[in-house]
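Visitor: The structure file model-v6.csv (CSV, C-alpha atoms) is provided below.
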```csv
chain,number,residue,atom,x,y,z
A,1,MET,CA,-22.2,0.2,42.5
A,2,PHE,CA,-21.0,2.6,45.2
A,3,ALA,CA,-19.6,-0.3,47.3
A,4,GLN,CA,-17.7,-1.4,44.2
A,5,LEU,CA,-16.2,2.1,43.8
A,6,ARG,CA,-15.1,2.2,47.4
A,7,GLU,CA,-13.4,-1.1,47.1
A,8,PHE,CA,-11.8,0.0,43.8
A,9,ASN,CA,-10.3,3.2,45.4
A,10,ARG,CA,-8.6,1.1,48.1
A,11,PHE,CA,-6.4,-0.7,45.6
A,12,HIS,CA,-2.9,0.2,44.6
A,13,PRO,CA,-2.9,2.9,41.8
A,14,ILE,CA,-1.4,0.6,39.3
A,15,ILE,CA,-4.1,-2.0,40.0
A,16,ARG,CA,-6.8,0.6,39.4
A,17,PHE,CA,-5.1,1.7,36.2
A,18,LEU,CA,-4.8,-1.9,35.0
A,19,LEU,CA,-8.5,-2.5,35.8
A,20,PHE,CA,-9.6,0.6,34.0
A,21,GLY,CA,-7.3,-0.2,31.0
A,22,THR,CA,-8.8,-3.7,30.9
A,23,MET,CA,-12.2,-2.2,30.4
A,24,ILE,CA,-11.1,0.2,27.6
A,25,MET,CA,-9.0,-2.4,25.8
A,26,ARG,CA,-11.8,-5.0,25.9
A,27,ALA,CA,-14.3,-2.5,24.5
A,28,ALA,CA,-12.0,-1.8,21.6
A,29,ARG,CA,-11.1,-5.4,21.0
A,30,SER,CA,-14.8,-6.4,21.1
A,31,MET,CA,-15.4,-4.3,18.1
A,32,SER,CA,-13.2,-6.4,16.0
A,33,MET,CA,-12.1,-9.9,17.3
A,34,PRO,CA,-15.6,-11.4,17.8
A,35,PHE,CA,-16.3,-10.8,14.1
A,36,LEU,CA,-12.9,-12.1,12.9
A,37,ALA,CA,-14.5,-15.2,11.5
A,38,ILE,CA,-16.9,-13.2,9.3
A,39,TYR,CA,-14.2,-10.7,8.4
A,40,LEU,CA,-11.9,-13.6,7.2
A,41,TYR,CA,-14.7,-15.2,5.2
A,42,ARG,CA,-15.5,-12.0,3.4
A,43,GLN,CA,-11.8,-11.1,2.8
A,44,THR,CA,-10.6,-14.5,1.8
A,45,GLY,CA,-13.6,-16.8,1.1
A,46,LEU,CA,-12.1,-19.6,3.1
A,47,SER,CA,-14.2,-22.5,4.5
A,48,SER,CA,-15.4,-22.7,8.1
A,49,ASP,CA,-12.8,-25.2,9.2
A,50,LEU,CA,-9.9,-23.3,7.7
A,51,ILE,CA,-11.1,-20.1,9.3
A,52,GLY,CA,-11.3,-22.0,12.6
A,53,ILE,CA,-7.7,-23.1,12.1
A,54,ILE,CA,-6.6,-19.5,11.6
A,55,ILE,CA,-8.5,-18.4,14.7
A,56,GLY,CA,-7.2,-21.3,16.7
A,57,LEU,CA,-3.6,-20.7,15.8
A,58,GLY,CA,-3.8,-17.5,17.8
A,59,PHE,CA,-4.8,-19.5,20.9
A,60,LEU,CA,-2.1,-22.1,20.2
A,61,ALA,CA,0.5,-19.3,20.1
A,62,SER,CA,-0.9,-17.9,23.3
A,63,THR,CA,-0.4,-21.2,25.0
A,64,ILE,CA,3.3,-21.3,24.2
A,65,GLY,CA,3.9,-17.6,24.8
A,66,GLY,CA,2.2,-17.6,28.2
A,67,ILE,CA,4.8,-19.8,29.7
A,68,PHE,CA,7.6,-17.8,28.1
A,69,GLY,CA,6.2,-14.4,29.1
A,70,GLY,CA,5.2,-15.4,32.6
A,71,THR,CA,8.5,-16.9,33.4
A,72,LEU,CA,10.4,-14.0,31.8
A,73,SER,CA,8.4,-11.5,33.9
A,74,ASP,CA,9.5,-13.4,37.1
A,75,LYS,CA,13.1,-12.8,36.0
A,76,ILE,CA,13.3,-9.3,34.4
A,77,GLY,CA,10.1,-7.7,35.9
A,78,ARG,CA,6.5,-7.3,34.9
A,79,LYS,CA,6.9,-3.7,33.5
A,80,LYS,CA,9.2,-4.5,30.5
A,81,VAL,CA,7.2,-7.6,29.4
A,82,MET,CA,3.8,-5.8,29.5
A,83,LEU,CA,4.8,-2.7,27.7
A,84,ILE,CA,6.7,-4.4,24.9
A,85,ALA,CA,3.7,-6.7,24.4
A,86,LEU,CA,1.2,-3.8,24.3
A,87,PHE,CA,3.1,-1.8,21.7
A,88,ILE,CA,3.5,-4.8,19.4
A,89,TRP,CA,-0.1,-5.7,20.0
A,90,SER,CA,-1.3,-2.3,18.8
A,91,LEU,CA,0.7,-2.7,15.6
A,92,VAL,CA,-0.9,-6.1,15.0
A,93,PHE,CA,-4.4,-4.7,15.1
A,94,LEU,CA,-3.5,-1.9,12.7
A,95,LEU,CA,-2.1,-4.4,10.2
A,96,PHE,CA,-5.2,-6.6,10.6
A,97,GLY,CA,-7.1,-3.8,8.9
A,98,CYS,CA,-4.6,-3.6,6.0
A,99,VAL,CA,-3.7,-7.1,4.8
A,100,LYS,CA,-5.7,-9.4,2.5
A,101,HIS,CA,-3.8,-12.6,2.1
A,102,PRO,CA,-4.6,-15.6,4.3
A,103,VAL,CA,-1.0,-16.3,5.1
A,104,LEU,CA,-0.6,-12.7,6.5
A,105,PHE,CA,-3.7,-13.2,8.6
A,106,ILE,CA,-2.2,-16.4,10.0
A,107,ILE,CA,1.0,-14.6,10.9
A,108,LEU,CA,-0.8,-11.7,12.5
A,109,ASN,CA,-3.1,-13.9,14.5
A,110,ILE,CA,-0.2,-15.9,15.8
A,111,ILE,CA,1.5,-12.6,16.9
A,112,ASN,CA,-1.8,-11.5,18.4
A,113,GLY,CA,-1.9,-14.7,20.5
A,114,LEU,CA,1.7,-14.2,21.6
A,115,CYS,CA,1.0,-10.6,22.7
A,116,ASN,CA,-2.1,-11.6,24.5
A,117,SER,CA,-0.2,-14.4,26.3
A,118,PHE,CA,2.5,-12.0,27.4
A,119,PHE,CA,0.2,-9.2,28.6
A,120,GLU,CA,-2.7,-11.0,30.3
A,121,PRO,CA,-0.8,-13.4,32.7
A,122,VAL,CA,1.8,-10.8,33.5
A,123,SER,CA,-0.8,-8.1,34.4
A,124,LYS,CA,-2.6,-10.6,36.6
A,125,ALA,CA,0.7,-11.5,38.3
A,126,LEU,CA,1.4,-7.8,38.8
A,127,MET,CA,-2.0,-7.3,40.4
A,128,SER,CA,-1.2,-10.1,42.8
A,129,ASP,CA,2.2,-8.7,43.5
A,130,LEU,CA,0.7,-5.4,44.6
A,131,SER,CA,-2.2,-6.8,46.7
A,132,ASP,CA,-2.8,-8.8,49.8
A,133,THR,CA,-4.1,-12.3,49.7
A,134,SER,CA,-7.4,-11.3,51.1
A,135,GLU,CA,-8.0,-8.8,48.3
A,136,ARG,CA,-7.2,-11.0,45.3
A,137,PHE,CA,-10.6,-12.7,44.9
A,138,ARG,CA,-12.2,-9.3,44.8
A,139,ILE,CA,-9.6,-7.9,42.4
A,140,PHE,CA,-10.1,-10.8,39.9
A,141,SER,CA,-13.8,-10.3,40.2
A,142,LEU,CA,-13.5,-6.6,39.4
A,143,ARG,CA,-11.2,-7.5,36.5
A,144,TYR,CA,-13.8,-9.9,35.2
A,145,LEU,CA,-16.4,-7.2,35.6
A,146,ALA,CA,-14.2,-4.7,33.7
A,147,ILE,CA,-13.8,-7.1,30.9
A,148,ASN,CA,-17.5,-7.5,30.5
A,149,ILE,CA,-18.3,-3.8,30.7
A,150,GLY,CA,-16.0,-3.4,27.8
A,151,ALA,CA,-17.4,-6.3,26.0
A,152,ALA,CA,-20.9,-4.9,26.3
A,153,VAL,CA,-20.0,-1.9,24.3
A,154,GLY,CA,-17.8,-3.2,21.5
A,155,PRO,CA,-20.0,-5.7,19.5
A,156,LEU,CA,-23.1,-3.5,19.3
A,157,ALA,CA,-20.9,-0.5,18.4
A,158,GLY,CA,-19.3,-2.5,15.6
A,159,THR,CA,-22.6,-3.9,14.3
A,160,TYR,CA,-24.9,-0.9,14.4
A,161,LEU,CA,-22.3,1.6,13.2
A,162,GLY,CA,-22.0,-0.7,10.1
A,163,LEU,CA,-18.4,-1.6,10.8
A,164,VAL,CA,-18.7,-5.4,10.8
A,165,ALA,CA,-16.4,-7.2,8.2
A,166,SER,CA,-14.6,-3.9,7.5
A,167,SER,CA,-11.1,-2.9,8.5
A,168,THR,CA,-12.2,0.1,10.6
A,169,PRO,CA,-12.7,-1.8,13.9
A,170,PHE,CA,-9.2,-3.2,13.7
A,171,LEU,CA,-7.8,0.2,13.0
A,172,ILE,CA,-9.7,1.6,16.0
A,173,THR,CA,-8.5,-1.2,18.2
A,174,GLY,CA,-4.9,-0.7,17.3
A,175,THR,CA,-5.1,3.0,18.0
A,176,VAL,CA,-6.7,2.5,21.4
A,177,TYR,CA,-4.1,-0.1,22.4
A,178,PHE,CA,-1.2,2.2,21.3
A,179,CYS,CA,-2.7,5.1,23.4
A,180,TYR,CA,-3.1,2.9,26.4
A,181,ALA,CA,0.5,1.6,26.0
A,182,LEU,CA,1.7,5.2,26.1
A,183,ALA,CA,-0.4,6.0,29.1
A,184,LEU,CA,0.7,2.9,31.0
A,185,THR,CA,4.3,3.7,30.2
A,186,LEU,CA,3.9,7.1,31.9
A,187,MET,CA,2.0,5.6,34.8
A,188,LEU,CA,4.7,3.0,35.6
A,189,ARG,CA,7.4,5.7,35.3
A,190,SER,CA,5.6,7.9,37.8
A,191,ILE,CA,5.2,5.2,40.5
A,192,VAL,CA,8.0,3.2,42.0
A,193,MET,CA,7.2,-0.5,41.8
A,194,GLN,CA,8.7,-3.0,44.2
A,195,GLN,CA,8.1,-6.4,42.6
A,196,ARG,CA,7.8,-9.0,45.4
A,197,GLY,CA,9.1,-12.5,45.2
A,198,GLU,CA,11.2,-12.2,42.1
A,199,TYR,CA,12.3,-15.6,40.8
A,200,LYS,CA,16.0,-16.2,41.4
A,201,GLU,CA,16.7,-19.1,39.1
A,202,PRO,CA,18.2,-18.6,35.6
A,203,PHE,CA,15.6,-18.1,32.9
A,204,ARG,CA,14.8,-21.5,31.4
A,205,LEU,CA,11.6,-22.8,29.9
A,206,ARG,CA,12.5,-26.2,31.2
A,207,ILE,CA,11.7,-25.0,34.7
A,208,ALA,CA,8.1,-24.5,33.7
A,209,TRP,CA,7.9,-28.0,32.2
A,210,ASP,CA,9.5,-29.5,35.4
A,211,THR,CA,6.9,-27.6,37.4
A,212,ILE,CA,4.0,-29.2,35.4
A,213,LYS,CA,5.5,-32.6,35.9
A,214,GLU,CA,6.0,-32.3,39.6
A,215,ASP,CA,2.8,-30.4,40.5
A,216,VAL,CA,0.1,-33.1,40.1
A,217,PRO,CA,-2.9,-30.9,41.0
A,218,LEU,CA,-1.7,-28.3,38.4
A,219,ARG,CA,-1.8,-31.0,35.7
A,220,PHE,CA,-5.4,-31.8,36.6
A,221,TYR,CA,-6.4,-28.2,36.5
A,222,VAL,CA,-4.7,-27.6,33.2
A,223,LEU,CA,-6.5,-30.6,31.6
A,224,GLY,CA,-9.8,-29.5,33.0
A,225,GLY,CA,-9.2,-25.9,31.8
A,226,ILE,CA,-8.3,-27.2,28.3
A,227,ILE,CA,-11.6,-29.1,27.9
A,228,TRP,CA,-13.6,-26.2,29.5
A,229,MET,CA,-12.1,-23.7,27.1
A,230,PHE,CA,-12.8,-26.0,24.1
A,231,GLY,CA,-16.5,-25.6,25.0
A,232,TYR,CA,-16.3,-21.9,25.8
A,233,SER,CA,-14.5,-21.1,22.6
A,234,GLN,CA,-17.6,-22.1,20.6
A,235,MET,CA,-19.2,-18.8,21.6
A,236,ASP,CA,-16.3,-16.8,20.1
A,237,SER,CA,-16.0,-18.7,16.8
A,238,THR,CA,-18.5,-21.3,15.9
A,239,LEU,CA,-21.7,-19.7,17.3
A,240,ILE,CA,-21.5,-16.7,15.0
A,241,GLN,CA,-21.0,-19.0,12.0
A,242,TYR,CA,-24.0,-21.2,13.0
A,243,LEU,CA,-26.2,-18.1,13.4
A,244,ASN,CA,-25.0,-16.6,10.2
A,245,HIS,CA,-25.7,-19.8,8.2
A,246,GLU,CA,-29.0,-20.7,9.8
A,247,PHE,CA,-30.7,-17.4,10.6
A,248,VAL,CA,-31.5,-14.4,8.4
A,249,GLU,CA,-30.4,-11.8,11.0
A,250,GLY,CA,-27.7,-14.1,12.4
A,251,VAL,CA,-25.0,-11.5,12.8
A,252,LYS,CA,-27.3,-9.1,14.7
A,253,ILE,CA,-28.5,-12.0,16.9
A,254,PHE,CA,-24.9,-12.7,17.7
A,255,SER,CA,-24.2,-9.1,18.6
A,256,VAL,CA,-27.2,-9.1,20.9
A,257,LEU,CA,-26.1,-12.3,22.6
A,258,ILE,CA,-22.6,-10.9,23.2
A,259,THR,CA,-24.1,-7.8,24.8
A,260,VAL,CA,-26.5,-9.9,26.8
A,261,ASN,CA,-23.5,-12.0,28.0
A,262,ALA,CA,-21.7,-8.8,29.1
A,263,VAL,CA,-24.7,-7.1,30.7
A,264,THR,CA,-25.6,-10.2,32.6
A,265,VAL,CA,-22.1,-10.2,34.1
A,266,ILE,CA,-22.3,-6.5,34.9
A,267,ILE,CA,-25.6,-6.8,36.7
A,268,LEU,CA,-25.2,-10.2,38.5
A,269,GLN,CA,-21.5,-10.8,38.9
A,270,MET,CA,-21.0,-8.9,42.2
A,271,PRO,CA,-24.2,-10.1,43.9
A,272,ILE,CA,-23.3,-13.7,42.9
A,273,THR,CA,-19.7,-13.2,44.0
A,274,LYS,CA,-21.0,-12.1,47.5
A,275,CYS,CA,-23.2,-15.2,47.7
A,276,PHE,CA,-20.5,-17.7,46.7
A,277,GLU,CA,-17.2,-16.1,47.7
A,278,ASN,CA,-17.0,-18.1,51.0
A,279,ARG,CA,-18.0,-21.3,49.3
A,280,ASN,CA,-15.5,-24.1,48.4
A,281,PRO,CA,-14.2,-23.1,44.9
A,282,LEU,CA,-14.9,-26.6,43.7
A,283,PHE,CA,-18.6,-26.2,44.7
A,284,ASN,CA,-18.7,-23.0,42.6
A,285,ILE,CA,-17.2,-24.8,39.6
A,286,ALA,CA,-19.8,-27.6,40.0
A,287,VAL,CA,-22.7,-25.1,40.0
A,288,GLY,CA,-21.1,-23.1,37.2
A,289,ASN,CA,-20.5,-26.1,35.0
A,290,THR,CA,-24.1,-27.3,35.5
A,291,LEU,CA,-25.4,-23.9,34.3
A,292,PHE,CA,-22.9,-23.9,31.5
A,293,MET,CA,-24.2,-27.3,30.4
A,294,PHE,CA,-27.8,-26.1,30.3
A,295,GLY,CA,-26.9,-23.0,28.4
A,296,ASN,CA,-25.2,-25.0,25.7
A,297,ILE,CA,-28.2,-27.4,25.5
A,298,GLY,CA,-30.3,-24.2,25.0
A,299,PHE,CA,-28.1,-23.1,22.1
A,300,ALA,CA,-28.7,-26.5,20.5
A,301,PHE,CA,-32.4,-26.2,20.5
A,302,SER,CA,-33.1,-22.5,20.3
A,303,ASP,CA,-35.1,-21.3,17.3
A,304,GLY,CA,-35.3,-17.6,17.8
A,305,LEU,CA,-33.9,-14.5,19.5
A,306,PHE,CA,-35.8,-14.9,22.8
A,307,SER,CA,-34.7,-18.6,23.3
A,308,PHE,CA,-31.1,-17.7,22.4
A,309,ILE,CA,-31.1,-14.8,24.9
A,310,LEU,CA,-32.5,-17.1,27.7
A,311,SER,CA,-29.8,-19.7,26.9
A,312,MET,CA,-27.1,-17.0,26.9
A,313,ILE,CA,-28.2,-15.8,30.4
A,314,VAL,CA,-28.0,-19.4,31.8
A,315,PHE,CA,-24.6,-19.8,30.0
A,316,THR,CA,-23.3,-16.6,31.5
A,317,LEU,CA,-24.4,-17.5,35.0
A,318,GLY,CA,-22.2,-20.6,34.7
A,319,GLU,CA,-19.4,-18.4,33.4
A,320,ILE,CA,-19.7,-16.0,36.4
A,321,LEU,CA,-19.1,-18.8,38.8
A,322,SER,CA,-16.5,-20.9,36.9
A,323,PHE,CA,-14.0,-18.3,35.8
A,324,PRO,CA,-13.2,-16.8,39.2
A,325,ALA,CA,-13.2,-20.2,40.9
A,326,MET,CA,-10.7,-21.5,38.4
A,327,ASN,CA,-8.4,-18.6,39.1
A,328,VAL,CA,-8.8,-19.1,42.9
A,329,LEU,CA,-7.7,-22.8,42.5
A,330,LEU,CA,-4.7,-21.7,40.5
A,331,ASP,CA,-3.7,-19.0,43.0
A,332,GLU,CA,-3.8,-21.6,45.8
A,333,LEU,CA,-1.1,-23.6,43.9
A,334,ALA,CA,1.2,-20.7,42.9
A,335,PRO,CA,4.3,-20.0,45.0
A,336,THR,CA,4.8,-16.3,45.4
A,337,SER,CA,8.2,-16.3,43.7
A,338,MET,CA,6.8,-18.2,40.7
A,339,ARG,CA,3.4,-16.5,40.3
A,340,GLY,CA,4.2,-15.2,36.7
A,341,MET,CA,5.1,-18.7,35.6
A,342,TYR,CA,1.9,-20.3,37.1
A,343,TYR,CA,-0.2,-17.7,35.4
A,344,GLY,CA,1.7,-18.4,32.2
A,345,ILE,CA,1.1,-22.1,32.6
A,346,GLN,CA,-2.6,-21.3,32.8
A,347,ASN,CA,-2.4,-20.3,29.2
A,348,PHE,CA,-2.2,-24.1,28.4
A,349,TYR,CA,-6.0,-23.7,28.7
A,350,ASN,CA,-5.7,-22.1,25.3
A,351,ILE,CA,-5.1,-25.5,23.7
A,352,GLY,CA,-8.8,-25.9,24.1
A,353,GLN,CA,-9.3,-22.6,22.3
A,354,PHE,CA,-7.0,-23.7,19.6
A,355,LEU,CA,-8.9,-27.1,19.1
A,356,GLY,CA,-12.3,-25.6,19.7
A,357,PRO,CA,-12.7,-23.4,16.6
A,358,TRP,CA,-11.3,-26.1,14.3
A,359,LEU,CA,-13.2,-29.0,15.7
A,360,GLY,CA,-16.3,-26.9,16.3
A,361,GLY,CA,-16.2,-25.7,12.6
A,362,LEU,CA,-15.7,-29.3,11.5
A,363,ILE,CA,-18.6,-30.7,13.6
A,364,LEU,CA,-20.8,-27.7,12.5
A,365,GLY,CA,-20.1,-28.4,8.8
A,366,LEU,CA,-20.7,-32.2,9.1
A,367,TYR,CA,-23.4,-32.6,11.7
A,368,GLY,CA,-24.9,-29.1,12.4
A,369,GLY,CA,-25.1,-26.8,15.4
A,370,ALA,CA,-27.4,-28.9,17.6
A,371,THR,CA,-24.9,-31.8,17.7
A,372,LEU,CA,-22.0,-29.5,18.3
A,373,PHE,CA,-23.6,-27.8,21.4
A,374,LEU,CA,-24.8,-31.1,22.8
A,375,ILE,CA,-21.2,-32.4,22.6
A,376,VAL,CA,-20.0,-29.2,24.4
A,377,SER,CA,-22.7,-29.6,27.1
A,378,PHE,CA,-21.5,-33.2,27.8
A,379,SER,CA,-17.9,-32.1,28.0
A,380,THR,CA,-18.7,-30.0,31.1
A,381,LEU,CA,-19.4,-33.1,33.1
A,382,ILE,CA,-15.9,-34.4,32.3
A,383,VAL,CA,-14.4,-31.0,33.3
A,384,LEU,CA,-16.1,-31.2,36.7
A,385,TYR,CA,-14.7,-34.7,37.4
A,386,ILE,CA,-11.2,-33.6,36.5
A,387,TYR,CA,-11.3,-30.5,38.7
A,388,TRP,CA,-12.6,-32.7,41.6
A,389,ARG,CA,-9.7,-35.1,41.2
A,390,GLY,CA,-7.2,-32.2,41.1
A,391,ARG,CA,-8.7,-30.6,44.2
A,392,GLN,CA,-8.5,-34.0,46.0
A,393,LYS,CA,-4.8,-34.3,45.0
A,394,TYR,CA,-4.1,-30.8,46.3
A,395,LEU,CA,-5.7,-31.4,49.7
A,396,ALA,CA,-4.0,-34.8,50.0
A,397,SER,CA,-0.6,-33.2,49.3
A,398,GLY,CA,-0.8,-30.9,52.4
A,399,LYS,CA,0.3,-27.9,50.3
A,400,HIS,CA,-2.7,-25.8,51.3
A,401,ARG,CA,-1.5,-26.0,54.9
A,402,GLU,CA,2.1,-25.1,54.0
A,403,LYS,CA,0.9,-22.0,51.9
A,404,HIS,CA,-1.3,-20.7,54.7
A,405,LEU,CA,1.7,-20.9,57.1
A,406,VAL,CA,3.9,-19.0,54.6
A,407,VAL,CA,1.3,-16.3,54.0
```
Would you mind writing the file out in structure tokens?

Guide:
Amino acid sequence: MFAQLREFNRFHPIIRFLLFGTMIMRAARSMSMPFLAIYLYRQTGLSSDLIGIIIGLGFLASTIGGIFGGTLSDKIGRKKVMLIALFIWSLVFLLFGCVKHPVLFIILNIINGLCNSFFEPVSKALMSDLSDTSERFRIFSLRYLAINIGAAVGPLAGTYLGLVASSTPFLITGTVYFCYALALTLMLRSIVMQQRGEYKEPFRLRIAWDTIKEDVPLRFYVLGGIIWMFGYSQMDSTLIQYLNHEFVEGVKIFSVLITVNAVTVIILQMPITKCFENRNPLFNIAVGNTLFMFGNIGFAFSDGLFSFILSMIVFTLGEILSFPAMNVLLDELAPTSMRGMYYGIQNFYNIGQFLGPWLGGLILGLYGGATLFLIVSFSTLIVLYIYWRGRQKYLASGKHREKHLVV
């Protein structure tokens, strides 16, 4: 822990503030969004597949918005894009706690996805702008750690304070986001930022499309990310519905599992990072996907709290290895002057999170949870093959040698 604090203090003040804000924002968000499926059911009475579509539309909007926001930030700067997204995002959460009609939930969740897609890629690009290449793996690891510290607090607070399926968590989240947006505004005003590698071409979304067509390894990584996020999204949407339908204390079990997920990351992420940071990122993805697969098999056959906790620990170990490794592979591809665009293109992964809740809810309703999680476990093998192909294309292109010379 002390070593982590020393590393934290060496970073640029804005990076430190963004990492701290990531933790606070995720804590507030975890009080509300993991329970959105239950909240929608109790407010609207919609079926599982329709609720999955509403949740998935937010991820679909995030896919489109990520390219727009990332490219725009390369052109006009990170600061403007992040702050506008944050203030609108805070309003969206406040309105979540006030509306009742399904159409309004659809509109709000679409805007929620857009705000997420503008803020998250741009904040990661800004962290890269303000850091050296050698620091980025550690920064992304600490960012992932901050996300999970926040996620450890939110679900249990929402559940055991009796706030689940009420409007209160959304009102709290909106208030926290608004306060952080104000604080970040003051922080950015007090520190002069020199954004490096600003993109010089006119702002056109076609540039992003042309980049995807020309960068073959990027296409493989995007496809692999889509399928991976299809599987991962089941934890955020379908797992809680499965537990709520099949187990008496399903919502409480889910809250415990979310906290186990976060606490496992908090305890093991840094030690595992030290063990694997010098490994080939593809090797890390291979190990991570194998653990991810066994975790989902565990979900399929668990019959009580203990077995679900054990499965979640294995699932989380796969998460710890896979997420940073996927970011490292993307960072290898991204030219300095187009970093925002590449992080925006990464939001194409959210197609998997759009399809995941809908298809997951459909499979859950037709065939049950065991079949669903076995399908997800099989999909991880496909992801591994796709990432392997993408990595081979990248090495064959010689771009890794060119980038090292530039850096």

Visitor: With only C-alpha atoms as the counted atoms, please give the residues lying no more than 12 Å from Asn327 (chain A), apart from itself and same-chain residues fewer than 3 positions off, as a PyMOL selection string.

Guide: chain A and resi 121+124-125+128+136-141+143-144+218+221-222+225+281-282+284-285+320-324+330-334+342-343+346-347+349

Visitor: Between CA of Ser377 (chain A) and CA of Phe306 (chain A), what is the spacing in Å?

Guide: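 We find that CA of Phe306 (chain A) and CA of Ser377 (chain A) lie 20.2 Å from each other.
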
Visitor: Of the residues A:Phe254, A:Trp388, A:Ile375, A:Thr22, which is the one nearest to Asn280 (chain A), using only C-alpha atoms?

Guide: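 Ranking A:Phe254, A:Trp388, A:Ile375, A:Thr22 by distance to Asn280 (chain A), first place goes to A:Trp388.
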
Visitor: Which of these residues is nearest to Asn261 (chain A), using all atoms listed in the file: A:Ile309, A:Ile51, A:Met31, A:Ile38?

Guide: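 Closest to Asn261 (chain A) of all the choices is A:Ile309.
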
Visitor: Between CA of Gln353 (chain A) and CA of His101 (chain A), what is the spacing in Å?

Guide: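 Separation between CA of His101 (chain A) and CA of Gln353 (chain A): 23.2 Å.
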
Visitor: Find the residue from A:Asp210, A:Glu135, A:Glu120, A:Glu319 that sits nearest to Val265 (chain A); use all atoms listed in the file when measuring.

Guide: A:Glu319

Visitor: Please provide as number ranges by chain all residues within 9 Å of Ile297 (chain A), with the sequence filter that same-chain residues fewer than 5 positions apart are discarded (counting all atoms listed in the file).

Guide: A: 292, 302, 311, 370, 373-374, 376-377

Visitor: Work out how far apart CA of Ser233 (chain A) and CA of Gly356 (chain A) are and give it in Å to one decimal.

Guide: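 Value for the CA of Ser233 (chain A)-CA of Gly356 (chain A) distance: 5.8 Å.
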
Visitor: Rank A:Leu142, A:Leu366, A:Leu126, A:Val216 by their smallest atom-to-atom distance to Ala396 (chain A), using all atoms listed in the file, and report the top residue only.

Guide: A:Val216

Visitor: As a JSON list (two decimals), in the frame of the given file, could you write out region 30-34 of chain A once it has been completed with all heavy atoms?

Guide:
```json
[["chain", "number", "residue", "atom", "x", "y", "z"],
["A", 30, "SER", "N", -13.47, -5.81, 21.40],
["A", 30, "SER", "CA", -14.80, -6.40, 21.10],
["A", 30, "SER", "C", -15.44, -5.87, 19.88],
["A", 30, "SER", "O", -16.45, -6.42, 19.41],
["A", 30, "SER", "CB", -15.70, -6.29, 22.32],
["A", 30, "SER", "OG", -15.19, -7.00, 23.43],
["A", 31, "MET", "N", -14.93, -4.77, 19.36],
["A", 31, "MET", "CA", -15.40, -4.30, 18.10],
["A", 31, "MET", "C", -14.92, -5.05, 16.91],
["A", 31, "MET", "O", -15.48, -4.99, 15.82],
["A", 31, "MET", "CB", -15.04, -2.78, 17.92],
["A", 31, "MET", "CG", -15.71, -1.82, 18.87],
["A", 31, "MET", "SD", -15.20, -0.11, 18.57],
["A", 31, "MET", "CE", -15.82, 0.13, 16.90],
["A", 32, "SER", "N", -13.81, -5.78, 17.12],
["A", 32, "SER", "CA", -13.20, -6.40, 16.00],
["A", 32, "SER", "C", -13.07, -7.96, 16.13],
["A", 32, "SER", "O", -13.58, -8.68, 15.25],
["A", 32, "SER", "CB", -11.74, -5.85, 15.82],
["A", 32, "SER", "OG", -11.00, -5.96, 17.02],
["A", 33, "MET", "N", -12.48, -8.46, 17.19],
["A", 33, "MET", "CA", -12.10, -9.90, 17.30],
["A", 33, "MET", "C", -13.36, -10.83, 17.26],
["A", 33, "MET", "O", -13.27, -11.90, 16.67],
["A", 33, "MET", "CB", -11.27, -10.15, 18.49],
["A", 33, "MET", "CG", -9.89, -9.51, 18.40],
["A", 33, "MET", "SD", -9.00, -9.89, 16.85],
["A", 33, "MET", "CE", -8.66, -11.64, 17.08],
["A", 34, "PRO", "N", -14.50, -10.49, 17.90],
["A", 34, "PRO", "CA", -15.60, -11.40, 17.80],
["A", 34, "PRO", "C", -16.13, -11.63, 16.38],
["A", 34, "PRO", "O", -16.80, -12.62, 16.09],
["A", 34, "PRO", "CB", -16.72, -10.74, 18.67],
["A", 34, "PRO", "CG", -15.96, -9.89, 19.62],
["A", 34, "PRO", "CD", -14.79, -9.39, 18.83]]
```
